[in-house]
Amino acid sequence: MTESHVLEVAIFKAKPGSNISQLREQLRETLCNFSGLIEFCGYCPLGDGQYADLVKWDSFDSAKAAAAAFEAGDPRFMPYMEAIEEVVFMGHFQPDTLNG
């Protein structure tokens, strides 16, 4: 079965004083330069200090390409990377075929 999309989930803590909302706008622009981006949504903490980014990609290969650039220190990601204190979780998921 061919995947319909891949969901990338990143949960992280930001450094004090970081303007994550503003940095997410830059991140969105950067992600748009990668093939396969379907949707990007950022979520703010409700008391635990953990942020969540959800990115929907058209394929696992597209998701891996952007993640590899991030991990390699691509300068387009640097402002966002520098604001992250700790990555709590990072993973990729596909839709459950039993629900489709």
# chains A, B, ... in the order shown; residues from 1 in each chain; ligands from 1
>>> residues_around(residues="A:Lys64", least_positions_apart="4", cutoff="12 Å", atoms="only C-alpha atoms", output="list in words")
Val6, Leu7, Glu8, Phe34, Ser35, Gly36, Leu37, Val55, Lys56, Trp57, Asp58, Ser59, Phe60, Ala68, Ala69, Phe70, Glu71, Ala72, Met90, Gly91, His92 and Phe93 of chain A
>>> select_by_dssp(residues="chain A", states="helix (DSSP H, G or I)", output="PyMOL selection string")
chain A and resi 20-31+60-71+75-83+97-99
>>> select_by_dssp(residues="chain A", states="strand (DSSP E or B)", output="number ranges by chain")
A: 6-14, 37-43, 50-57, 84-93
>>> closest_residue(among="A:Ile38, A:Ala67, A:Val87, A:Met81", to="A:Lys13", atoms="only C-alpha atoms")
A:Val87
>>> residues_around(residues="A:Ser21", least_positions_apart="4", cutoff="12 Å", atoms="only C-alpha atoms", output="mmCIF file with C-alpha atoms, in the first residue's frame")
data_model
loop_
_atom_site.group_PDB
_atom_site.id
_atom_site.type_symbol
_atom_site.label_atom_id
_atom_site.label_comp_id
_atom_site.auth_asym_id
_atom_site.auth_seq_id
_atom_site.Cartn_x
_atom_site.Cartn_y
_atom_site.Cartn_z
ATOM 1 C CA ALA A 14 12.660 26.444 24.059
ATOM 2 C CA GLY A 17 13.294 34.513 25.956
ATOM 3 C CA GLU A 25 7.266 31.960 10.505
ATOM 4 C CA GLN A 26 10.880 31.721 9.332
ATOM 5 C CA LEU A 27 10.754 27.950 9.754
ATOM 6 C CA ARG A 28 7.593 27.741 7.641
ATOM 7 C CA CYS A 41 1.331 23.521 12.398
ATOM 8 C CA GLY A 42 2.970 24.711 15.592
ATOM 9 C CA TYR A 43 1.489 24.271 19.065
ATOM 10 C CA CYS A 44 2.302 26.215 22.237
ATOM 11 C CA PRO A 45 2.617 24.812 25.753
ATOM 12 C CA TYR A 51 6.166 23.037 22.268
ATOM 13 C CA ALA A 52 5.027 20.745 19.459
ATOM 14 C CA ASP A 53 5.555 21.073 15.729
ATOM 15 C CA TYR A 80 15.142 27.946 15.122
ATOM 16 C CA ALA A 83 16.156 28.668 20.226
#
>>> atom_distance(atom1="atom CA of A:Leu54", atom2="atom CA of A:Leu98")
22.0 Å
>>> decode(residues="stretch 60-91 of chain A", atoms="N, CA and C atoms", output="mmCIF file, in the first residue's frame")
data_model
loop_
_atom_site.group_PDB
_atom_site.id
_atom_site.type_symbol
_atom_site.label_atom_id
_atom_site.label_comp_id
_atom_site.auth_asym_id
_atom_site.auth_seq_id
_atom_site.Cartn_x
_atom_site.Cartn_y
_atom_site.Cartn_z
ATOM 1 N N PHE A 60 7.735 9.751 3.141
ATOM 2 C CA PHE A 60 8.785 9.611 4.146
ATOM 3 C C PHE A 60 10.107 10.154 3.603
ATOM 4 N N ASP A 61 10.358 9.971 2.314
ATOM 5 C CA ASP A 61 11.585 10.500 1.710
ATOM 6 C C ASP A 61 11.643 12.022 1.818
ATOM 7 N N SER A 62 10.526 12.693 1.579
ATOM 8 C CA SER A 62 10.484 14.153 1.711
ATOM 9 C C SER A 62 10.761 14.573 3.148
ATOM 10 N N ALA A 63 10.149 13.881 4.095
ATOM 11 C CA ALA A 63 10.358 14.183 5.513
ATOM 12 C C ALA A 63 11.816 13.974 5.899
ATOM 13 N N LYS A 64 12.396 12.866 5.439
ATOM 14 C CA LYS A 64 13.793 12.563 5.767
ATOM 15 C C LYS A 64 14.747 13.598 5.179
ATOM 16 N N ALA A 65 14.455 14.104 3.996
ATOM 17 C CA ALA A 65 15.324 15.101 3.364
ATOM 18 C C ALA A 65 15.379 16.386 4.189
ATOM 19 N N ALA A 66 14.229 16.851 4.654
ATOM 20 C CA ALA A 66 14.201 18.060 5.477
ATOM 21 C C ALA A 66 14.850 17.805 6.836
ATOM 22 N N ALA A 67 14.568 16.655 7.442
ATOM 23 C CA ALA A 67 15.163 16.318 8.740
ATOM 24 C C ALA A 67 16.682 16.210 8.628
ATOM 25 N N ALA A 68 17.172 15.648 7.535
ATOM 26 C CA ALA A 68 18.620 15.517 7.337
ATOM 27 C C ALA A 68 19.272 16.892 7.221
ATOM 28 N N ALA A 69 18.618 17.814 6.524
ATOM 29 C CA ALA A 69 19.151 19.174 6.397
ATOM 30 C C ALA A 69 19.186 19.863 7.761
ATOM 31 N N PHE A 70 18.141 19.674 8.551
ATOM 32 C CA PHE A 70 18.081 20.244 9.901
ATOM 33 C C PHE A 70 19.224 19.694 10.748
ATOM 34 N N GLU A 71 19.364 18.372 10.757
ATOM 35 C CA GLU A 71 20.389 17.719 11.572
ATOM 36 C C GLU A 71 21.801 18.062 11.109
ATOM 37 N N ALA A 72 21.968 18.351 9.827
ATOM 38 C CA ALA A 72 23.288 18.693 9.286
ATOM 39 C C ALA A 72 23.663 20.150 9.553
ATOM 40 N N GLY A 73 22.733 20.910 10.154
ATOM 41 C CA GLY A 73 23.025 22.304 10.478
ATOM 42 C C GLY A 73 22.828 23.268 9.323
ATOM 43 N N ASP A 74 21.902 22.942 8.420
ATOM 44 C CA ASP A 74 21.574 23.850 7.317
ATOM 45 C C ASP A 74 21.341 25.247 7.900
ATOM 46 N N PRO A 75 22.055 26.269 7.403
ATOM 47 C CA PRO A 75 21.956 27.614 7.982
ATOM 48 C C PRO A 75 20.547 28.197 7.978
ATOM 49 N N ARG A 76 19.681 27.729 7.087
ATOM 50 C CA ARG A 76 18.305 28.237 7.061
ATOM 51 C C ARG A 76 17.541 27.857 8.324
ATOM 52 N N PHE A 77 17.979 26.784 8.987
ATOM 53 C CA PHE A 77 17.320 26.333 10.214
ATOM 54 C C PHE A 77 17.966 26.896 11.482
ATOM 55 N N MET A 78 19.114 27.552 11.356
ATOM 56 C CA MET A 78 19.893 27.944 12.533
ATOM 57 C C MET A 78 19.135 28.797 13.551
ATOM 58 N N PRO A 79 18.394 29.836 13.157
ATOM 59 C CA PRO A 79 17.691 30.620 14.183
ATOM 60 C C PRO A 79 16.758 29.756 15.040
ATOM 61 N N TYR A 80 16.059 28.824 14.395
ATOM 62 C CA TYR A 80 15.142 27.946 15.122
ATOM 63 C C TYR A 80 15.917 26.967 15.995
ATOM 64 N N MET A 81 16.972 26.394 15.433
ATOM 65 C CA MET A 81 17.791 25.436 16.180
ATOM 66 C C MET A 81 18.382 26.079 17.433
ATOM 67 N N GLU A 82 18.837 27.320 17.294
ATOM 68 C CA GLU A 82 19.466 28.013 18.416
ATOM 69 C C GLU A 82 18.474 28.337 19.528
ATOM 70 N N ALA A 83 17.185 28.376 19.221
ATOM 71 C CA ALA A 83 16.156 28.668 20.226
ATOM 72 C C ALA A 83 15.716 27.422 20.988
ATOM 73 N N ILE A 84 16.101 26.256 20.513
ATOM 74 C CA ILE A 84 15.686 25.004 21.147
ATOM 75 C C ILE A 84 16.656 24.625 22.256
ATOM 76 N N GLU A 85 16.098 24.464 23.439
ATOM 77 C CA GLU A 85 16.901 24.037 24.589
ATOM 78 C C GLU A 85 17.074 22.524 24.598
ATOM 79 N N GLU A 86 15.973 21.812 24.297
ATOM 80 C CA GLU A 86 16.010 20.348 24.345
ATOM 81 C C GLU A 86 14.937 19.771 23.428
ATOM 82 N N VAL A 87 15.323 18.797 22.620
ATOM 83 C CA VAL A 87 14.343 18.045 21.830
ATOM 84 C C VAL A 87 13.890 16.879 22.699
ATOM 85 N N VAL A 88 12.613 16.859 23.026
ATOM 86 C CA VAL A 88 12.039 15.826 23.887
ATOM 87 C C VAL A 88 11.683 14.589 23.067
ATOM 88 N N PHE A 89 11.157 14.817 21.867
ATOM 89 C CA PHE A 89 10.740 13.709 20.999
ATOM 90 C C PHE A 89 10.766 14.166 19.549
ATOM 91 N N MET A 90 11.158 13.268 18.672
ATOM 92 C CA MET A 90 11.108 13.511 17.231
ATOM 93 C C MET A 90 10.787 12.184 16.561
ATOM 94 N N GLY A 91 9.737 12.151 15.740
ATOM 95 C CA GLY A 91 9.383 10.904 15.081
ATOM 96 C C GLY A 91 8.535 11.134 13.848
#
